[in-house]
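Trainee: Here you go, this is data_20.cif (mmCIF, C-alpha atoms and all ligand atoms).
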data_start
#
loop_
_atom_site.group_PDB
_atom_site.id
_atom_site.type_symbol
_atom_site.label_atom_id
_atom_site.label_comp_id
_atom_site.auth_asym_id
_atom_site.auth_seq_id
_atom_site.Cartn_x
_atom_site.Cartn_y
_atom_site.Cartn_z
ATOM 1 C CA MET A 1341 0.000 0.000 0.000
ATOM 2 C CA GLY A 1342 1.325 3.429 -0.925
ATOM 3 C CA HIS A 1343 1.266 6.736 0.935
ATOM 4 C CA ASN A 1344 0.775 9.047 -2.043
ATOM 5 C CA LEU A 1345 4.307 10.377 -1.567
ATOM 6 C CA LEU A 1346 4.569 11.117 -5.277
ATOM 7 C CA LYS A 1347 0.991 12.088 -6.023
ATOM 8 C CA GLY A 1348 0.804 14.496 -8.966
ATOM 9 C CA LYS A 1349 4.466 14.052 -9.898
ATOM 10 C CA ARG A 1350 5.585 13.191 -13.424
ATOM 11 C CA GLY A 1351 8.808 11.695 -14.656
ATOM 12 C CA ILE A 1352 10.926 9.437 -16.838
ATOM 13 C CA ILE A 1353 12.380 6.077 -15.744
ATOM 14 C CA PHE A 1354 15.343 4.724 -17.719
ATOM 15 C CA GLY A 1355 16.635 1.152 -17.540
ATOM 16 C CA ALA A 1356 13.874 -1.346 -16.661
ATOM 17 C CA LEU A 1357 15.010 -4.499 -18.473
ATOM 18 C CA ASP A 1358 13.330 -7.245 -16.459
ATOM 19 C CA GLU A 1359 11.755 -7.783 -13.041
ATOM 20 C CA ASN A 1360 15.214 -7.876 -11.368
ATOM 21 C CA SER A 1361 16.188 -4.410 -12.618
ATOM 22 C CA ILE A 1362 16.467 -1.660 -10.030
ATOM 23 C CA ALA A 1363 14.486 0.547 -12.440
ATOM 24 C CA TRP A 1364 11.697 -2.052 -12.667
ATOM 25 C CA LYS A 1365 11.275 -2.184 -8.878
ATOM 26 C CA THR A 1366 11.424 1.611 -8.787
ATOM 27 C CA ALA A 1367 8.713 1.955 -11.439
ATOM 28 C CA GLU A 1368 6.410 -0.312 -9.416
ATOM 29 C CA LYS A 1369 6.991 1.692 -6.215
ATOM 30 C CA VAL A 1370 6.701 5.098 -7.880
ATOM 31 C CA TYR A 1371 3.395 4.002 -9.410
ATOM 32 C CA GLN A 1372 2.186 2.744 -6.026
ATOM 33 C CA GLU A 1373 3.048 6.166 -4.551
ATOM 34 C CA GLY A 1374 0.949 7.998 -7.145
ATOM 35 C CA GLY A 1375 3.711 9.098 -9.542
ATOM 36 C CA ARG A 1376 3.151 8.895 -13.296
ATOM 37 C CA PHE A 1377 5.912 8.346 -15.804
ATOM 38 C CA VAL A 1378 7.162 7.303 -19.189
ATOM 39 C CA LEU A 1379 9.356 4.204 -19.376
ATOM 40 C CA THR A 1380 12.358 4.129 -21.670
ATOM 41 C CA ASN A 1381 15.166 1.806 -22.627
ATOM 42 C CA ALA A 1382 17.569 1.232 -25.501
ATOM 43 C CA PRO A 1383 15.754 0.041 -28.660
ATOM 44 C CA ILE A 1384 17.688 -3.246 -28.461
ATOM 45 C CA ALA A 1385 16.335 -3.918 -24.942
ATOM 46 C CA MET A 1386 12.770 -3.440 -26.224
ATOM 47 C CA ARG A 1387 13.041 -6.577 -28.307
ATOM 48 C CA MET A 1388 13.112 -8.664 -25.171
ATOM 49 C CA GLY A 1389 9.504 -7.583 -24.738
ATOM 50 C CA LYS A 1390 9.446 -7.659 -20.931
ATOM 51 C CA ILE A 1391 9.048 -3.908 -20.508
ATOM 52 C CA ASN A 1392 5.528 -4.134 -21.986
ATOM 53 C CA GLU A 1393 4.389 -6.086 -18.909
ATOM 54 C CA LEU A 1394 5.652 -3.339 -16.630
ATOM 55 C CA ALA A 1395 4.141 -0.593 -18.769
ATOM 56 C CA LYS A 1396 0.737 -2.243 -18.578
ATOM 57 C CA LYS A 1397 0.947 -2.656 -14.825
ATOM 58 C CA CYS A 1398 1.990 0.972 -14.308
ATOM 59 C CA GLU A 1399 -0.234 2.521 -16.998
ATOM 60 C CA ALA A 1400 2.915 3.935 -18.581
ATOM 61 C CA GLU A 1401 3.846 4.602 -22.175
ATOM 62 C CA ILE A 1402 7.162 3.342 -23.518
ATOM 63 C CA ILE A 1403 9.423 5.525 -25.616
ATOM 64 C CA PRO A 1404 12.573 3.779 -26.867
ATOM 65 C CA ALA A 1405 15.761 5.845 -26.646
ATOM 66 C CA ASP A 1406 19.446 5.093 -26.793
ATOM 67 C CA ALA A 1407 20.702 7.206 -23.877
ATOM 68 C CA THR A 1408 23.874 8.077 -25.808
ATOM 69 C CA SER A 1409 21.884 9.662 -28.665
ATOM 70 C CA VAL A 1410 20.973 13.309 -28.117
ATOM 71 C CA THR A 1411 18.408 13.062 -30.934
ATOM 72 C CA ASP A 1412 16.689 10.118 -29.220
ATOM 73 C CA LEU A 1413 16.747 11.980 -25.884
ATOM 74 C CA GLU A 1414 15.262 15.137 -27.431
ATOM 75 C CA HIS A 1415 12.384 13.098 -28.796
ATOM 76 C CA LEU A 1416 11.965 11.242 -25.500
ATOM 77 C CA VAL A 1417 11.864 14.330 -23.296
ATOM 78 C CA SER A 1418 9.500 16.339 -25.508
ATOM 79 C CA ARG A 1419 7.126 13.373 -25.974
ATOM 80 C CA ALA A 1420 7.188 12.606 -22.240
ATOM 81 C CA VAL A 1421 6.140 16.164 -21.390
ATOM 82 C CA GLU A 1422 3.344 15.941 -23.987
ATOM 83 C CA ILE A 1423 2.105 12.524 -22.829
ATOM 84 C CA LEU A 1424 2.241 13.340 -19.130
ATOM 85 C CA GLY A 1425 0.634 16.745 -19.641
ATOM 86 C CA GLY A 1426 3.308 18.856 -17.954
ATOM 87 C CA LYS A 1427 6.953 19.303 -17.038
ATOM 88 C CA LEU A 1428 8.954 16.642 -15.227
ATOM 89 C CA ASP A 1429 9.406 16.288 -11.459
ATOM 90 C CA PHE A 1430 11.716 13.265 -11.471
ATOM 91 C CA ILE A 1431 14.138 11.356 -13.688
ATOM 92 C CA LEU A 1432 15.806 8.028 -12.902
ATOM 93 C CA HIS A 1433 18.972 7.154 -14.838
ATOM 94 C CA SER A 1434 19.468 3.428 -14.167
ATOM 95 C CA ILE A 1435 21.834 2.567 -17.002
ATOM 96 C CA GLY A 1436 25.120 0.735 -17.105
ATOM 97 C CA MET A 1437 27.002 -1.254 -19.719
ATOM 98 C CA SER A 1438 30.663 -1.997 -20.515
ATOM 99 C CA PRO A 1439 31.581 -3.898 -23.683
ATOM 100 C CA ASN A 1440 34.980 -4.649 -22.089
ATOM 101 C CA VAL A 1441 33.312 -6.299 -19.075
ATOM 102 C CA ARG A 1442 30.761 -8.020 -21.246
ATOM 103 C CA LYS A 1443 33.423 -9.495 -23.523
ATOM 104 C CA GLY A 1444 35.789 -10.392 -20.680
ATOM 105 C CA ARG A 1445 38.670 -8.099 -21.725
ATOM 106 C CA ASP A 1446 41.450 -7.879 -19.149
ATOM 107 C CA TYR A 1447 42.041 -4.433 -17.569
ATOM 108 C CA GLY A 1448 45.565 -4.470 -19.024
ATOM 109 C CA ASP A 1449 44.221 -5.164 -22.501
ATOM 110 C CA LEU A 1450 41.235 -2.823 -22.822
ATOM 111 C CA ASN A 1451 39.745 -2.018 -26.188
ATOM 112 C CA TYR A 1452 39.683 1.801 -26.096
ATOM 113 C CA GLU A 1453 36.766 2.190 -28.472
ATOM 114 C CA TRP A 1454 34.783 -0.015 -26.127
ATOM 115 C CA MET A 1455 36.036 1.979 -23.164
ATOM 116 C CA MET A 1456 34.682 5.184 -24.751
ATOM 117 C CA LYS A 1457 31.370 3.359 -25.194
ATOM 118 C CA THR A 1458 31.403 2.377 -21.507
ATOM 119 C CA LEU A 1459 31.992 5.987 -20.491
ATOM 120 C CA ASP A 1460 29.323 7.275 -22.859
ATOM 121 C CA VAL A 1461 26.580 4.768 -21.954
ATOM 122 C CA SER A 1462 27.247 4.613 -18.226
ATOM 123 C CA GLY A 1463 28.509 8.133 -17.452
ATOM 124 C CA VAL A 1464 28.196 10.848 -20.100
ATOM 125 C CA SER A 1465 24.609 9.845 -20.961
ATOM 126 C CA PHE A 1466 23.605 11.268 -17.555
ATOM 127 C CA HIS A 1467 24.882 14.674 -18.680
ATOM 128 C CA LYS A 1468 23.080 14.305 -22.017
ATOM 129 C CA VAL A 1469 19.760 13.599 -20.300
ATOM 130 C CA MET A 1470 20.046 16.700 -18.111
ATOM 131 C CA GLN A 1471 21.318 18.959 -20.893
ATOM 132 C CA VAL A 1472 18.400 17.987 -23.119
ATOM 133 C CA ALA A 1473 15.928 18.525 -20.259
ATOM 134 C CA GLU A 1474 17.459 21.919 -19.468
ATOM 135 C CA LYS A 1475 17.437 23.074 -23.103
ATOM 136 C CA GLN A 1476 13.795 22.080 -23.479
ATOM 137 C CA ASP A 1477 12.953 23.730 -20.144
ATOM 138 C CA ALA A 1478 11.289 20.432 -19.263
ATOM 139 C CA LEU A 1479 11.911 20.383 -15.498
ATOM 140 C CA ASN A 1480 9.634 21.608 -12.732
ATOM 141 C CA GLU A 1481 11.029 23.494 -9.730
ATOM 142 C CA TRP A 1482 11.952 21.220 -6.794
ATOM 143 C CA GLY A 1483 12.358 18.291 -9.156
ATOM 144 C CA SER A 1484 14.723 15.411 -8.359
ATOM 145 C CA ILE A 1485 17.138 13.604 -10.685
ATOM 146 C CA MET A 1486 18.846 10.354 -9.637
ATOM 147 C CA ALA A 1487 21.419 7.990 -11.090
ATOM 148 C CA LEU A 1488 22.793 4.719 -9.766
ATOM 149 C CA SER A 1489 26.420 4.276 -8.874
ATOM 150 C CA TYR A 1490 28.737 1.765 -7.248
ATOM 151 C CA ILE A 1491 31.540 2.094 -4.680
ATOM 152 C CA ALA A 1492 34.077 1.058 -7.335
ATOM 153 C CA ALA A 1493 34.108 4.801 -8.161
ATOM 154 C CA GLN A 1494 36.147 5.283 -4.938
ATOM 155 C CA ARG A 1495 37.846 1.896 -4.407
ATOM 156 C CA THR A 1496 39.071 -0.777 -6.769
ATOM 157 C CA TYR A 1497 37.298 -4.090 -7.255
ATOM 158 C CA PRO A 1498 38.664 -6.781 -9.552
ATOM 159 C CA GLY A 1499 36.378 -7.414 -12.496
ATOM 160 C CA TYR A 1500 34.665 -4.012 -12.441
ATOM 161 C CA SER A 1501 37.193 -2.779 -15.000
ATOM 162 C CA ASP A 1502 36.370 0.436 -16.900
ATOM 163 C CA MET A 1503 32.962 0.650 -15.221
ATOM 164 C CA ALA A 1504 34.878 2.111 -12.242
ATOM 165 C CA GLN A 1505 35.913 5.082 -14.393
ATOM 166 C CA ALA A 1506 32.366 5.434 -15.740
ATOM 167 C CA LYS A 1507 30.944 5.602 -12.205
ATOM 168 C CA ALA A 1508 33.532 8.240 -11.199
ATOM 169 C CA VAL A 1509 32.401 10.322 -14.199
ATOM 170 C CA LEU A 1510 28.747 9.765 -13.314
ATOM 171 C CA GLU A 1511 29.188 10.949 -9.719
ATOM 172 C CA SER A 1512 31.164 13.981 -10.863
ATOM 173 C CA ILE A 1513 28.435 14.929 -13.353
ATOM 174 C CA ALA A 1514 25.868 14.722 -10.536
ATOM 175 C CA ARG A 1515 27.838 17.348 -8.588
ATOM 176 C CA SER A 1516 28.484 19.694 -11.529
ATOM 177 C CA TYR A 1517 24.974 19.504 -12.976
ATOM 178 C CA GLY A 1518 23.484 19.572 -9.495
ATOM 179 C CA ALA A 1519 25.121 22.947 -8.867
ATOM 180 C CA ARG A 1520 23.761 24.289 -12.145
ATOM 181 C CA LEU A 1521 20.198 22.994 -11.829
ATOM 182 C CA GLY A 1522 20.068 23.956 -8.158
ATOM 183 C CA HIS A 1523 20.682 27.603 -9.010
ATOM 184 C CA GLN A 1524 18.526 27.606 -12.102
ATOM 185 C CA LYS A 1525 15.510 25.554 -11.103
ATOM 186 C CA LYS A 1526 15.859 24.364 -7.504
ATOM 187 C CA VAL A 1527 16.256 20.889 -8.975
ATOM 188 C CA ARG A 1528 18.411 18.409 -7.053
ATOM 189 C CA VAL A 1529 20.768 15.844 -8.573
ATOM 190 C CA ASN A 1530 22.157 12.871 -6.652
ATOM 191 C CA THR A 1531 23.564 9.383 -7.124
ATOM 192 C CA ILE A 1532 22.816 6.347 -4.994
ATOM 193 C CA SER A 1533 25.751 3.995 -4.490
ATOM 194 C CA GLN A 1534 24.035 0.642 -4.249
ATOM 195 C CA SER A 1535 25.162 -2.729 -2.821
ATOM 196 C CA PRO A 1536 25.922 -5.467 -5.347
ATOM 197 C CA THR A 1537 22.513 -6.592 -6.597
ATOM 198 C CA PRO A 1538 21.632 -9.691 -8.656
ATOM 199 C CA THR A 1539 20.483 -8.133 -11.953
ATOM 200 C CA THR A 1540 21.575 -8.577 -15.565
ATOM 201 C CA ALA A 1541 24.143 -5.746 -15.296
ATOM 202 C CA GLY A 1542 25.337 -6.850 -11.838
ATOM 203 C CA SER A 1543 25.775 -10.525 -12.678
ATOM 204 C CA GLY A 1544 27.831 -9.579 -15.748
ATOM 205 C CA VAL A 1545 30.760 -8.607 -13.516
ATOM 206 C CA GLY A 1546 33.298 -11.457 -13.127
ATOM 207 C CA GLY A 1547 33.124 -13.253 -9.769
ATOM 208 C CA PHE A 1548 29.796 -11.596 -8.926
ATOM 209 C CA ASP A 1549 28.573 -14.317 -6.557
ATOM 210 C CA VAL A 1550 31.739 -14.048 -4.456
ATOM 211 C CA PHE A 1551 31.330 -10.261 -4.454
ATOM 212 C CA LEU A 1552 27.771 -10.578 -3.268
ATOM 213 C CA ASP A 1553 28.708 -12.942 -0.460
ATOM 214 C CA PHE A 1554 31.683 -10.806 0.649
ATOM 215 C CA ALA A 1555 29.592 -7.605 0.675
ATOM 216 C CA GLU A 1556 26.850 -9.362 2.640
ATOM 217 C CA LYS A 1557 29.381 -10.340 5.325
ATOM 218 C CA MET A 1558 31.033 -6.904 5.297
ATOM 219 C CA SER A 1559 27.743 -5.030 5.795
ATOM 220 C CA PRO A 1560 26.342 -4.880 9.342
ATOM 221 C CA LEU A 1561 22.826 -4.600 7.899
ATOM 222 C CA GLY A 1562 23.473 -6.968 4.996
ATOM 223 C CA ASN A 1563 23.307 -6.026 1.309
ATOM 224 C CA ALA A 1564 20.620 -3.597 0.220
ATOM 225 C CA THR A 1565 18.205 -5.235 -2.230
ATOM 226 C CA ALA A 1566 16.845 -3.751 -5.461
ATOM 227 C CA GLU A 1567 13.497 -3.265 -3.743
ATOM 228 C CA GLU A 1568 15.087 -1.374 -0.862
ATOM 229 C CA CYS A 1569 16.921 0.754 -3.394
ATOM 230 C CA ALA A 1570 13.579 1.546 -5.034
ATOM 231 C CA ASP A 1571 12.243 2.686 -1.628
ATOM 232 C CA TYR A 1572 15.211 5.025 -1.246
ATOM 233 C CA ILE A 1573 14.659 6.445 -4.735
ATOM 234 C CA VAL A 1574 10.990 7.098 -3.913
ATOM 235 C CA ILE A 1575 12.036 9.143 -0.877
ATOM 236 C CA MET A 1576 14.591 11.005 -2.996
ATOM 237 C CA PHE A 1577 11.849 11.855 -5.515
ATOM 238 C CA SER A 1578 9.486 12.949 -2.737
ATOM 239 C CA ASP A 1579 9.226 16.394 -1.135
ATOM 240 C CA TYR A 1580 10.870 15.053 2.046
ATOM 241 C CA THR A 1581 14.396 15.429 0.607
ATOM 242 C CA ARG A 1582 14.224 18.835 -1.074
ATOM 243 C CA LYS A 1583 17.592 20.121 0.155
ATOM 244 C CA VAL A 1584 19.602 16.971 -0.518
ATOM 245 C CA THR A 1585 21.690 17.584 -3.607
ATOM 246 C CA MET A 1586 25.077 16.898 -5.274
ATOM 247 C CA GLN A 1587 25.577 13.847 -3.060
ATOM 248 C CA ASN A 1588 26.676 10.305 -3.627
ATOM 249 C CA LEU A 1589 24.399 8.520 -1.159
ATOM 250 C CA MET A 1590 25.638 5.206 0.178
ATOM 251 C CA HIS A 1591 22.927 2.565 0.214
ATOM 252 C CA ASP A 1592 24.943 -0.452 1.241
ATOM 253 C CA GLY A 1593 24.002 -1.709 4.705
ATOM 254 C CA GLY A 1594 27.101 -0.060 6.206
ATOM 255 C CA PHE A 1595 29.643 -1.670 3.845
ATOM 256 C CA SER A 1596 31.457 1.561 2.957
ATOM 257 C CA THR A 1597 32.322 2.473 6.555
ATOM 258 C CA SER A 1598 33.158 -1.003 7.839
ATOM 259 C CA GLY A 1599 36.842 -1.836 8.299
ATOM 260 C CA ILE A 1600 36.239 -5.515 8.911
ATOM 261 C CA THR A 1601 33.289 -7.349 10.396
ATOM 262 C CA GLN A 1602 33.083 -10.306 12.736
ATOM 263 C CA ALA A 1603 31.653 -12.431 9.924
ATOM 264 C CA ILE A 1604 34.817 -11.881 7.859
ATOM 265 C CA VAL A 1605 37.054 -12.471 10.926
ATOM 266 C CA ASP A 1606 35.225 -15.757 11.528
ATOM 267 C CA ASP A 1607 35.687 -16.726 7.865
ATOM 268 C CA LEU A 1608 39.418 -16.012 7.885
ATOM 269 C CA MET A 1609 40.177 -17.459 11.333
ATOM 270 C CA PRO A 1610 42.338 -20.601 10.964
ATOM 271 C CA LYS A 1611 40.091 -23.601 11.555
ATOM 272 C CA GLY A 1612 40.881 -26.407 13.980
HETATM 273 N N1 LIG A 1701 23.442 -4.669 -9.971
HETATM 274 C C1 LIG A 1701 24.409 -4.177 -9.206
HETATM 275 O O1 LIG A 1701 25.176 -4.891 -8.530
HETATM 276 C C2 LIG A 1701 24.571 -2.681 -9.144
HETATM 277 C C3 LIG A 1701 25.250 -2.104 -8.051
HETATM 278 C C4 LIG A 1701 25.410 -0.711 -8.014
HETATM 279 C C5 LIG A 1701 24.930 0.052 -9.074
HETATM 280 N N2 LIG A 1701 24.273 -0.531 -10.118
HETATM 281 C C6 LIG A 1701 23.792 0.305 -11.214
HETATM 282 O O2 LIG A 1701 22.387 0.263 -11.275
HETATM 283 C C7 LIG A 1701 21.983 0.652 -12.598
HETATM 284 C C8 LIG A 1701 20.913 -0.306 -13.093
HETATM 285 O O3 LIG A 1701 21.445 -1.578 -13.303
HETATM 286 P P1 LIG A 1701 20.726 -2.918 -12.833
HETATM 287 O O4 LIG A 1701 21.609 -3.550 -11.828
HETATM 288 O O5 LIG A 1701 19.306 -2.653 -12.498
HETATM 289 O O6 LIG A 1701 20.855 -3.835 -14.140
HETATM 290 P P2 LIG A 1701 19.957 -3.958 -15.479
HETATM 291 O O7 LIG A 1701 20.795 -4.770 -16.414
HETATM 292 O O8 LIG A 1701 18.616 -4.471 -15.148
HETATM 293 O O9 LIG A 1701 19.834 -2.438 -16.000
HETATM 294 C C9 LIG A 1701 20.796 -1.816 -16.830
HETATM 295 C C10 LIG A 1701 19.996 -1.098 -17.904
HETATM 296 O O10 LIG A 1701 20.818 -0.268 -18.739
HETATM 297 C C11 LIG A 1701 20.170 -0.261 -20.006
HETATM 298 N N3 LIG A 1701 21.034 0.271 -21.052
HETATM 299 C C12 LIG A 1701 22.227 -0.250 -21.489
HETATM 300 N N4 LIG A 1701 22.680 0.502 -22.523
HETATM 301 C C13 LIG A 1701 21.778 1.500 -22.726
HETATM 302 C C14 LIG A 1701 21.684 2.582 -23.654
HETATM 303 N N5 LIG A 1701 22.629 2.798 -24.580
HETATM 304 N N6 LIG A 1701 20.607 3.414 -23.585
HETATM 305 C C15 LIG A 1701 19.629 3.213 -22.666
HETATM 306 N N7 LIG A 1701 19.671 2.200 -21.754
HETATM 307 C C16 LIG A 1701 20.728 1.355 -21.798
HETATM 308 C C17 LIG A 1701 19.853 -1.744 -20.209
HETATM 309 O O11 LIG A 1701 18.965 -1.990 -21.283
HETATM 310 C C18 LIG A 1701 19.269 -2.082 -18.846
HETATM 311 O O12 LIG A 1701 17.878 -1.850 -18.812
HETATM 312 C C19 LIG A 1701 23.256 0.696 -13.430
HETATM 313 O O13 LIG A 1701 23.730 2.020 -13.488
HETATM 314 C C20 LIG A 1701 24.210 -0.149 -12.616
HETATM 315 O O14 LIG A 1701 25.574 0.132 -12.877
HETATM 316 C C21 LIG A 1701 24.070 -1.885 -10.155
#
Could you express the structure from this file as structure tokens?
Mentor:
Amino acid sequence: MGHNLLKGKRGIIFGALDENSIAWKTAEKVYQEGGRFVLTNAPIAMRMGKINELAKKCEAEIIPADATSVTDLEHLVSRAVEILGGKLDFILHSIGMSPNVRKGRDYGDLNYEWMMKTLDVSGVSFHKVMQVAEKQDALNEWGSIMALSYIAAQRTYPGYSDMAQAKAVLESIARSYGARLGHQKKVRVNTISQSPTPTTAGSGVGGFDVFLDFAEKMSPLGNATAEECADYIVIMFSDYTRKVTMQNLMHDGGFSTSGITQAIVDDLMPKG
């Protein structure tokens, strides 16, 4: 049952691929809280057909857009404003993809064209979305824009490869564009740094199951789930967080401030 936290608010949700996606869970919760939105994903992701189920459930229209294409984004933003009958109060950027990770390239043997693609899809596209929205004057005052990040922006993790650089870019864009939109429109821009989460993007990282298990043991509250992340995003879209901006918000059960936990000590303690 919802609490109408987002009643009357309109937005765009990027990145719902299947029912495991953080964006999928977020769409369900935003809908439950009275928000209305357009769903979007890369044209190639549409072919999997799953997003139609979500759209039906949430009474949302789908507008395909490659988040690296300014032309696609211009069409998306203007159509969204038309369909929803007003300017936007929230945007969720829940997009990540690295061809180097996907194709198992070693960090010492990166394909640089692919690396540029990683940076564009997973980082720069966040800037593109906001620049298009600004140019079209498509944002309402006190709106909220969110993207999803990972702690590999600050610390190294084997297997995360060039996605670490993409997340550093993403978080930096949130600060720079947050300053701009704050002054201009009282719009806030933040990233949520989420625990490892079993989704298509997450599971693509080498050794993901070990990662998941380690993070679970290193987090006093345990890993944050996709559903819990969706709850956090709802609050960040609501009017209860109007002065939170230009932050990278840790949503990780305490992982990022734990030195070591008893569970890890127990694991490493010589047996017998
Ligand atoms: N799963 C994790 O462990 C984890 C942890 C922290 C942060 N994140 C971040 O959360 C976000 C959502 O990922 P997820 O875990 O829900 O996985 P997911 O695979 O369900 O979502 C990733 C989405 O990105 C979309 N996408 C890829 N290229 C695109 C393009 N060119 N244009 C538009 N969309 C494109 C995909 O179609 C997909 O819907 C990503 O930014 C990811 O890096 C994930």
Trainee: As an exercise, work out the distance from atom CA of Asp1549 of chain A to atom CA of Leu1561 of chain A in Å and give it to one decimal place.
Mentor: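 Separation of atom CA of Asp1549 of chain A and atom CA of Leu1561 of chain A: 18.3 Å.
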Trainee: Got a sec: who's within 12 Å of Gly1522 of chain A, counting only C-alpha atoms, leaving out chain neighbours fewer than 2 positions off, as a VMD selection string?
Mentor: chain A and resid 1474 1479 to 1485 1514 to 1520 1524 to 1530 1582 to 1586
Trainee: Using C-alpha atoms, can you export the residues from the last selection as a PDB file, keeping the file's coordinate frame?
Mentor:
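Output saved as selection_1.pdb:
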ATOM      1  CA  GLU A1474      17.459  21.919 -19.468  1.00  0.00           C
ATOM      2  CA  LEU A1479      11.911  20.383 -15.498  1.00  0.00           C
ATOM      3  CA  ASN A1480       9.634  21.608 -12.732  1.00  0.00           C
ATOM      4  CA  GLU A1481      11.029  23.494  -9.730  1.00  0.00           C
ATOM      5  CA  TRP A1482      11.952  21.220  -6.794  1.00  0.00           C
ATOM      6  CA  GLY A1483      12.358  18.291  -9.156  1.00  0.00           C
ATOM      7  CA  SER A1484      14.723  15.411  -8.359  1.00  0.00           C
ATOM      8  CA  ILE A1485      17.138  13.604 -10.685  1.00  0.00           C
ATOM      9  CA  ALA A1514      25.868  14.722 -10.536  1.00  0.00           C
ATOM     10  CA  ARG A1515      27.838  17.348  -8.588  1.00  0.00           C
ATOM     11  CA  SER A1516      28.484  19.694 -11.529  1.00  0.00           C
ATOM     12  CA  TYR A1517      24.974  19.504 -12.976  1.00  0.00           C
ATOM     13  CA  GLY A1518      23.484  19.572  -9.495  1.00  0.00           C
ATOM     14  CA  ALA A1519      25.121  22.947  -8.867  1.00  0.00           C
ATOM     15  CA  ARG A1520      23.761  24.289 -12.145  1.00  0.00           C
ATOM     16  CA  GLN A1524      18.526  27.606 -12.102  1.00  0.00           C
ATOM     17  CA  LYS A1525      15.510  25.554 -11.103  1.00  0.00           C
ATOM     18  CA  LYS A1526      15.859  24.364  -7.504  1.00  0.00           C
ATOM     19  CA  VAL A1527      16.256  20.889  -8.975  1.00  0.00           C
ATOM     20  CA  ARG A1528      18.411  18.409  -7.053  1.00  0.00           C
ATOM     21  CA  VAL A1529      20.768  15.844  -8.573  1.00  0.00           C
ATOM     22  CA  ASN A1530      22.157  12.871  -6.652  1.00  0.00           C
ATOM     23  CA  ARG A1582      14.224  18.835  -1.074  1.00  0.00           C
ATOM     24  CA  LYS A1583      17.592  20.121   0.155  1.00  0.00           C
ATOM     25  CA  VAL A1584      19.602  16.971  -0.518  1.00  0.00           C
ATOM     26  CA  THR A1585      21.690  17.584  -3.607  1.00  0.00           C
ATOM     27  CA  MET A1586      25.077  16.898  -5.274  1.00  0.00           C
TER      28      MET A1586
END
Trainee: Within 7 Å of ligand LIG 1701 (chain A), which residues of chain A show up? Give each one with its shortest atom-to-atom distance in Å (one decimal) and the two atoms involved, counting all atoms listed in the file, rows by chain then rising residue number, as CSV.
Mentor:
residue,atom,partner,partner_atom,distance
A:Phe1354,CA,A:LIG1701,N7,6.4
A:Gly1355,CA,A:LIG1701,O12,3.5
A:Ala1356,CA,A:LIG1701,O12,4.6
A:Leu1357,CA,A:LIG1701,O12,3.9
A:Asp1358,CA,A:LIG1701,O8,6.1
A:Asn1360,CA,A:LIG1701,O8,6.1
A:Ser1361,CA,A:LIG1701,O8,3.5
A:Ile1362,CA,A:LIG1701,O5,3.9
A:Ala1363,CA,A:LIG1701,O5,5.8
A:Asn1381,CA,A:LIG1701,N7,4.6
A:Ala1382,CA,A:LIG1701,C15,4.0
A:Ala1385,CA,A:LIG1701,O11,4.9
A:Ala1405,CA,A:LIG1701,C15,6.1
A:Asp1406,CA,A:LIG1701,N6,3.8
A:Ala1407,CA,A:LIG1701,N6,3.8
A:Thr1408,CA,A:LIG1701,N5,5.6
A:Ser1434,CA,A:LIG1701,C7,4.1
A:Ile1435,CA,A:LIG1701,O10,3.5
A:Gly1436,CA,A:LIG1701,O13,4.1
A:Met1437,CA,A:LIG1701,C12,5.2
A:Val1461,CA,A:LIG1701,N5,5.1
A:Ser1462,CA,A:LIG1701,O13,6.4
A:Ala1487,CA,A:LIG1701,O13,6.8
A:Leu1488,CA,A:LIG1701,O13,4.7
A:Ser1489,CA,A:LIG1701,C5,4.5
A:Tyr1490,CA,A:LIG1701,C4,4.2
A:Ser1533,CA,A:LIG1701,C4,5.9
A:Gln1534,CA,A:LIG1701,C4,4.2
A:Ser1535,CA,A:LIG1701,C3,5.3
A:Pro1536,CA,A:LIG1701,O1,3.3
A:Thr1537,CA,A:LIG1701,O1,3.7
A:Pro1538,CA,A:LIG1701,N1,5.5
A:Thr1539,CA,A:LIG1701,O4,4.7
A:Thr1540,CA,A:LIG1701,O7,4.0
A:Ala1541,CA,A:LIG1701,O7,3.7
A:Gly1542,CA,A:LIG1701,N1,3.4
A:Ser1543,CA,A:LIG1701,N1,6.9
Trainee: Find the residue from A:Tyr1500, A:Phe1551, A:Phe1377, A:Phe1595 that sits nearest to Leu1394 of chain A; use all atoms listed in the file when measuring.
Mentor: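 Result for the nearest residue to Leu1394 of chain A: A:Phe1377.
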Trainee: I'd like the interatomic distance between atom CA of Gln1602 of chain A and atom CA of Lys1557 of chain A, to a tenth of an Å.
Mentor: 8.3 Å
Trainee: Could you state the separation of atom CA of Val1410 of chain A and atom CA of Gly1425 of chain A in Å, given to one decimal place?
Mentor: 22.3 Å
Trainee: Hey, what comes out of the PyMOL selection byres (((chain A and resi 1469) around 10) and not hetatm) on this file? Could you write it as number ranges by chain?
Mentor: A: 1407-1410, 1413-1414, 1416-1417, 1431, 1433, 1464-1468, 1470-1474, 1485
Trainee: Apply the PyMOL selection byres (((chain A and resi 1459) around 10) and not hetatm) to the displayed file and report the matching residues as a list of chain:residue names.
Mentor: A:Thr1408, A:Gly1436, A:Met1437, A:Ser1438, A:Trp1454, A:Met1455, A:Met1456, A:Lys1457, A:Thr1458, A:Asp1460, A:Val1461, A:Ser1462, A:Gly1463, A:Val1464, A:Ser1465, A:Asp1502, A:Met1503, A:Ala1504, A:Gln1505, A:Ala1506, A:Lys1507, A:Ala1508, A:Val1509, A:Leu1510
Trainee: Taking all atoms listed in the file into account, which of A:Glu1368, A:Glu1401, A:Asp1607, A:Asp1553 comes nearest Glu1567 of chain A?
Mentor: A:Glu1368
Trainee: Which is closest to Gln1587 of chain A among A:Gly1499, A:Lys1611, A:Thr1531, A:Ile1573, if we use only C-alpha atoms?
Mentor: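 Looking at the shortest contact to Gln1587 of chain A, the residue is A:Thr1531.
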